[in-house]
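> Can you read through this structure? Questions will come right after.
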Amino acid sequence: MHRLAETVLRVILGDQLSSRLDVVAGADKDHDVFLIAEVMAEASYVRHHVKKIAFLFSAMRHFAEALRSAGYRVRYVTLDDPDNSQSLDGEIRRAVVALAPDRVVVTEPGEWRLREGFEALRLALSVPLEIQPDTRFLCSHAEFSAWAEGRHELRMEYFYREMRRRHDLLMEQDGKPVGGRWNFDTENRKPPKAGLESPPRLSFRKDRITLEVLDLVKRICPDFYGRLEPFHFAVTRRQALQELDHFIDHILPGFGDYQDAMVRGEPYLSHSLLAAYINAGLLYPLEVCRKAEVAYRAGRAPLNAAEGFIRQILGWREYVRGIYWRFMPGYIERNALGAVEPLPGFYWTGETRMACMREALRHTYDHAYSHHIQRLMITGNFALLAGIDPKEAHEWYLAVYADAYEWVEAPNTIGMALYADGGLLASKPYAASGNYISRMSNFCDGCAYDPSLSVGDRACPFNALYWDFFRRHRERFSGNARMPYVYSTWDKKGADQQEALSRQAEVHRVALREGRL
Ligand SMILES: Cc1cc2nc3c(=O)[nH]c(=O)nc-3n(C[C@H](O)[C@H](O)[C@H](O)COP(=O)(O)OP(=O)(O)OC[C@H]3O[C@@H](n4cnc5c(N)ncnc54)[C@H](O)[C@@H]3O)c2cc1C
Ligand code: SF4
């Protein structure tokens, strides 16, 4: 007997805008319906940056248009639709009632919270709900588990080498890494030279869809964090590919040398700005890595730039995702250093006397972006030294960056920046004094504080807080072989100086609580 074709409701989340996912590639134009929904529950469960919301809604609407143009049926629910239940499971339930599909298919979400929600929904729905693996990642959950199983330490570097071999990226035919070394990071730490600036970046014309979304965000999210305009984001795959090509052709060659440098008024320098597009599905991680390799092999980019860039995506990006899923749900609750200070209000307002923090926070507020070293060594470093509650810091990072999703943000914040996972991810805390910031940036010129002073009214807060951090956590860190000089330098300081530094750190903590720092 001929079986009637079934109807499948295919749910696409805002960060799954990829036509190569099975949920899209396996669709039947005649019978299936895609569901894409803008819902307040997702837009507001942390205080998201308005640019992040506008980018995602515009990219979702463009993706829906592309599906419709290709002949698919799409049920798109806008944020201001009066019937919108404003939650994902509410919209799936509504669609099931309205369309009576035989089953529902969704790609696994990138957050534990949502995956739990889908598991609960599976039990509640009247039709089967299938959760498919997210095949855009280059390392599956099973592959990560196989790599991690039985290892004493889960270090990114060893994971990365295996990923290079598995995906044949920057490898010689004899199985050795190109250039004879796996990692050229030591060549990517130059302080900024005079006049270092961001190469010109692309800005995409705002079409009708984007203008409507900007208007919607202005109307519905007036009190949200961040500056909405100017709005330069790519919102389609075609535009994201232009951004990728622009980066590979014009910016990648300089990516390596000044990767860690920071310059006033220059939020981007030679960073790619691609994370928001890769994470939302407009670009595929492997195509990005392959293009960087091609540029290197054609002599258009030096090895330290291509390797450094590929390592971030093939190594760090895949690795942090593996860590997230392996250690959730407890991971975001970790607080190994017992840090309990509330997140200072200036993380939202940018109003602080510390010029480096002001700078990083202004980039964040204006662009929903600040580059990795600012996230790690300015805002992250300060939160680490000041003992800010990791959960509060985590929620801030999740809210303010256009590329932020819990699977990638949480390990970077809780693990890399705050050492709150007790060293699972980072072999040592990324703690630095004002000296480092002064060397790697020009932020200290014009600051109310002086990076060369550790005690007194004009002392840079990073200095005493740095020493006091290591004093407070001596038991944990004194045996760490990766920090041979910290405690020998501290011990040489003598009791008076040590006491002065500890007292000064307390002065900074009080000033912080009273909003004077
Ligand atoms: C506290 C903290 C929070 C972070 N939160 C996020 C986040 O929410 N989302 C996010 O994508 N990245 C996050 N990162 C990692 C990194 O800072 C961003 O990926 C990067 O700044 C994005 O800018 P870019 O695209 O210009 O990256 P580039 O510097 O040009 O790097 C190239 C690409 O490598 C990948 N990448 C680089 N570093 C990392 C990393 N540590 N982990 C994972 N992928 C990486 C990204 O896909 C990025 O696009 C965070 C880092 C820290 C220290
Ligand atoms: S002096 Fe200290 S607080 Fe001021 S910009 Fe430099 S590092 Fe930051």
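Going by the structure tokens order, chains are called A, B, ..., each with residues numbered from 1, while ligands are numbered from 1 in the order shown.
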Please identify every polymer residue within 6 Å of ligand 1, using only C-alpha atoms and all ligand atoms, and present the set as a ChimeraX atom specification.

/A:271-275,309,312-313,316-317,371-372,375-376,380,397-398,403-405,408-409,412-413,417

> So that I can see what lies close to Phe118 of chain A, please list as a list in words the residues with an atom at most 9 Å from it, counting only C-alpha atoms and leaving out residues fewer than 6 positions away in the same chain.

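Result of the neighbour search: Asp89, Val106, Glu108, Pro109, Leu129 and Ile131 of chain A.
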
> Using only C-alpha atoms and all ligand atoms, find each residue with an atom at most 8 Å away from ligand 2 and format the answer as a VMD selection string.

chain A and resid 353 to 357 378 433 to 438 443 to 452 459 to 463

> Just C-alpha atoms for this one: save the residues we selected as a compact mmCIF listing (two decimals), in the first residue's frame.


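In the end it all went to part.txt:
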```txt
# COMPACT_ATOMS: atom_id res chain seq x y z
CA ARG A 353 38.21 56.06 36.56
CA MET A 354 40.18 53.11 35.13
CA ALA A 355 40.89 54.07 31.51
CA CYS A 356 41.50 50.49 30.35
CA MET A 357 38.15 49.31 31.71
CA ILE A 378 40.97 43.77 30.95
CA SER A 433 49.07 43.66 36.86
CA GLY A 434 48.99 47.16 35.39
CA ASN A 435 52.45 46.54 33.99
CA TYR A 436 51.08 44.05 31.45
CA ILE A 437 48.25 46.38 30.41
CA SER A 438 50.65 49.27 30.10
CA PHE A 443 45.28 52.81 27.59
CA CYS A 444 47.30 54.03 30.57
CA ASP A 445 48.14 57.40 28.96
CA GLY A 446 45.59 59.74 30.46
CA CYS A 447 44.32 57.33 33.12
CA ALA A 448 43.56 58.67 36.60
CA TYR A 449 45.89 55.95 37.88
CA ASP A 450 49.56 55.25 37.26
CA PRO A 451 50.58 51.71 36.25
CA SER A 452 54.01 52.12 37.85
CA ALA A 459 48.18 53.56 42.36
CA CYS A 460 46.85 51.41 39.52
CA PRO A 461 44.20 49.14 41.09
CA PHE A 462 45.39 46.17 39.06
CA ASN A 463 48.74 46.17 40.93
```

> Residues of segment 278-350 of chain A that approach segment 230-236 of chain A to 12 Å or less, counting only C-alpha atoms: could you list each one with the shortest pair of atoms and its distance in Å to one decimal, rows by chain and increasing residue number, as a Markdown table?


```
| residue | atom | partner | partner_atom | distance |
| --- | --- | --- | --- | --- |
| A:Ile278 | CA | A:Ala234 | CA | 11.6 |
| A:Ala280 | CA | A:Val235 | CA | 9.9 |
| A:Gly281 | CA | A:Thr236 | CA | 9.9 |
| A:Leu282 | CA | A:Thr236 | CA | 6.7 |
| A:Leu283 | CA | A:Thr236 | CA | 9.6 |
```

> For atom CA of Val8 of chain A and atom CA of Arg113 of chain A, quote the distance in Å rounded to one decimal.

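About the pair atom CA of Val8 of chain A and atom CA of Arg113 of chain A: they are 24.3 Å apart.
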
> Quick one: distance from atom CA of His508 of chain A to atom CA of Asp468 of chain A in Å, one decimal?

11.0 Å

> Env of Arg20 of chain A: 9 Å cut, atoms = only C-alpha atoms, seq-sep filter 5 positions within chain, self excluded. Answer as a VMD selection string.

chain A and resid 25 135 to 136

> For Arg219 of chain A, which of A:Ala402, A:Gln497, A:Gly117, A:Ala54 is the closest residue, counting only C-alpha atoms?

A:Ala54

> Show me, as JSON lines, the residues of segment 265-288 of chain A having an atom within 10 Å of segment 174-198 of chain A, each with the closest atom pair and its distance in Å, using only C-alpha atoms.


```
{"residue": "A:Gly265", "atom": "CA", "partner": "A:Glu197", "partner_atom": "CA", "distance": 8.8}
{"residue": "A:Glu266", "atom": "CA", "partner": "A:Ser198", "partner_atom": "CA", "distance": 6.1}
{"residue": "A:Pro267", "atom": "CA", "partner": "A:Ser198", "partner_atom": "CA", "distance": 7.8}
{"residue": "A:Tyr268", "atom": "CA", "partner": "A:Ser198", "partner_atom": "CA", "distance": 5.9}
{"residue": "A:Leu269", "atom": "CA", "partner": "A:Ser198", "partner_atom": "CA", "distance": 3.9}
{"residue": "A:Ser270", "atom": "CA", "partner": "A:Ser198", "partner_atom": "CA", "distance": 6.1}
{"residue": "A:His271", "atom": "CA", "partner": "A:Ser198", "partner_atom": "CA", "distance": 8.7}
```

> Could you check how far atom CA of Leu35 of chain A sits from atom CA of Arg73 of chain A, in Å to one decimal?

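Interatomic distance here is 9.0 Å.
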
> Just the residues within 12 Å of Glu318 of chain A, please, counting only C-alpha atoms, with nothing from its chain fewer than 4 positions along; format it as a short mmCIF file (atom, residue, chain, number, x, y, z; two decimals) with N, CA, C and O atoms, in the first residue's frame.


```cif
data_model
loop_
_atom_site.label_atom_id
_atom_site.label_comp_id
_atom_site.auth_asym_id
_atom_site.auth_seq_id
_atom_site.Cartn_x
_atom_site.Cartn_y
_atom_site.Cartn_z
N ARG A 136 27.41 21.05 12.42
CA ARG A 136 28.35 22.10 11.99
C ARG A 136 29.66 22.03 12.78
O ARG A 136 30.68 22.54 12.34
N PHE A 137 29.60 21.45 13.95
CA PHE A 137 30.83 21.39 14.76
C PHE A 137 31.75 20.32 14.20
O PHE A 137 31.31 19.33 13.62
N LEU A 138 33.04 20.53 14.39
CA LEU A 138 34.03 19.63 13.79
C LEU A 138 34.39 18.48 14.72
O LEU A 138 35.14 17.59 14.34
N CYS A 139 33.89 18.54 15.93
CA CYS A 139 34.13 17.46 16.89
C CYS A 139 32.78 17.13 17.54
O CYS A 139 32.18 17.99 18.19
N SER A 140 32.31 15.91 17.34
CA SER A 140 31.01 15.54 17.90
C SER A 140 31.15 15.32 19.41
O SER A 140 32.26 15.18 19.93
N HIS A 141 30.03 15.21 20.10
CA HIS A 141 30.08 14.93 21.54
C HIS A 141 30.82 13.61 21.79
O HIS A 141 31.63 13.49 22.71
N GLU A 143 33.08 12.14 19.90
CA GLU A 143 34.53 12.28 19.63
C GLU A 143 35.23 13.01 20.77
O GLU A 143 36.34 12.66 21.16
N PHE A 144 34.58 14.03 21.32
CA PHE A 144 35.21 14.75 22.42
C PHE A 144 35.34 13.83 23.64
O PHE A 144 36.39 13.80 24.30
N MET A 156 43.86 22.09 25.93
CA MET A 156 43.45 22.43 24.57
C MET A 156 44.52 22.06 23.55
O MET A 156 44.23 21.58 22.46
N GLU A 157 45.79 22.27 23.91
CA GLU A 157 46.87 22.09 22.94
C GLU A 157 46.87 20.66 22.36
O GLU A 157 47.05 20.46 21.15
N PHE A 159 44.30 18.53 22.30
CA PHE A 159 43.06 18.39 21.53
C PHE A 159 43.25 18.98 20.14
O PHE A 159 42.90 18.38 19.11
N TYR A 160 43.85 20.15 20.12
CA TYR A 160 44.06 20.89 18.86
C TYR A 160 44.93 20.09 17.89
O TYR A 160 44.64 19.98 16.69
N GLU A 162 45.23 16.90 17.67
CA GLU A 162 44.44 15.80 17.12
C GLU A 162 43.47 16.33 16.05
O GLU A 162 43.27 15.69 15.02
N MET A 163 42.89 17.50 16.31
CA MET A 163 41.96 18.08 15.33
C MET A 163 42.69 18.48 14.04
O MET A 163 42.15 18.34 12.94
N ARG A 164 43.92 18.94 14.15
CA ARG A 164 44.69 19.28 12.93
C ARG A 164 44.90 18.03 12.09
O ARG A 164 44.73 18.05 10.86
N ASN A 279 28.91 31.53 14.82
CA ASN A 279 28.05 31.00 15.89
C ASN A 279 26.57 30.99 15.50
O ASN A 279 25.81 30.15 15.96
N PRO A 285 32.57 26.64 10.29
CA PRO A 285 33.93 26.75 10.82
C PRO A 285 35.00 26.14 9.90
O PRO A 285 36.07 26.70 9.75
N LEU A 286 34.65 25.02 9.25
CA LEU A 286 35.68 24.38 8.42
C LEU A 286 36.00 25.22 7.19
O LEU A 286 37.17 25.34 6.80
N ILE A 310 43.61 29.68 12.75
CA ILE A 310 42.99 28.34 12.68
C ILE A 310 42.90 27.72 14.07
O ILE A 310 41.91 27.08 14.43
N ARG A 311 43.94 27.94 14.89
CA ARG A 311 43.93 27.37 16.26
C ARG A 311 42.72 27.88 17.07
O ARG A 311 42.12 27.14 17.84
N GLN A 312 42.37 29.16 16.86
CA GLN A 312 41.24 29.69 17.64
C GLN A 312 39.95 28.95 17.30
O GLN A 312 39.11 28.72 18.17
N ILE A 313 39.79 28.59 16.02
CA ILE A 313 38.51 28.00 15.58
C ILE A 313 38.53 26.48 15.71
O ILE A 313 37.65 25.88 16.34
N LEU A 314 39.56 25.87 15.13
CA LEU A 314 39.66 24.40 15.16
C LEU A 314 39.98 23.91 16.57
O LEU A 314 39.54 22.84 16.99
N GLY A 322 33.27 21.25 23.78
CA GLY A 322 33.40 19.94 24.40
C GLY A 322 33.37 20.03 25.92
O GLY A 322 32.68 19.26 26.60
N ILE A 323 34.10 21.00 26.45
CA ILE A 323 34.14 21.19 27.92
C ILE A 323 32.74 21.51 28.43
O ILE A 323 32.28 20.96 29.44
N TYR A 324 32.05 22.41 27.74
CA TYR A 324 30.71 22.84 28.20
C TYR A 324 29.79 21.63 28.35
O TYR A 324 29.21 21.42 29.42
N TRP A 325 29.66 20.84 27.30
CA TRP A 325 28.68 19.75 27.35
C TRP A 325 29.13 18.63 28.28
O TRP A 325 28.32 17.95 28.89
N TRP A 407 27.29 27.96 25.37
CA TRP A 407 28.26 26.87 25.14
C TRP A 407 29.68 27.39 24.94
O TRP A 407 30.64 26.72 25.26
N VAL A 408 29.80 28.61 24.38
CA VAL A 408 31.14 29.15 24.13
C VAL A 408 31.53 30.20 25.17
O VAL A 408 32.69 30.28 25.58
N PRO A 411 32.54 28.57 29.23
CA PRO A 411 33.90 28.07 29.50
C PRO A 411 34.95 29.18 29.42
O PRO A 411 35.92 29.19 30.18
#
```

> Write out as a PyMOL selection string which residues come within 10 Å of Arg362 of chain A when counting only C-alpha atoms, dropping same-chain ones fewer than 6 positions away.

chain A and resi 226-227+265+267+347-351+356+368-370
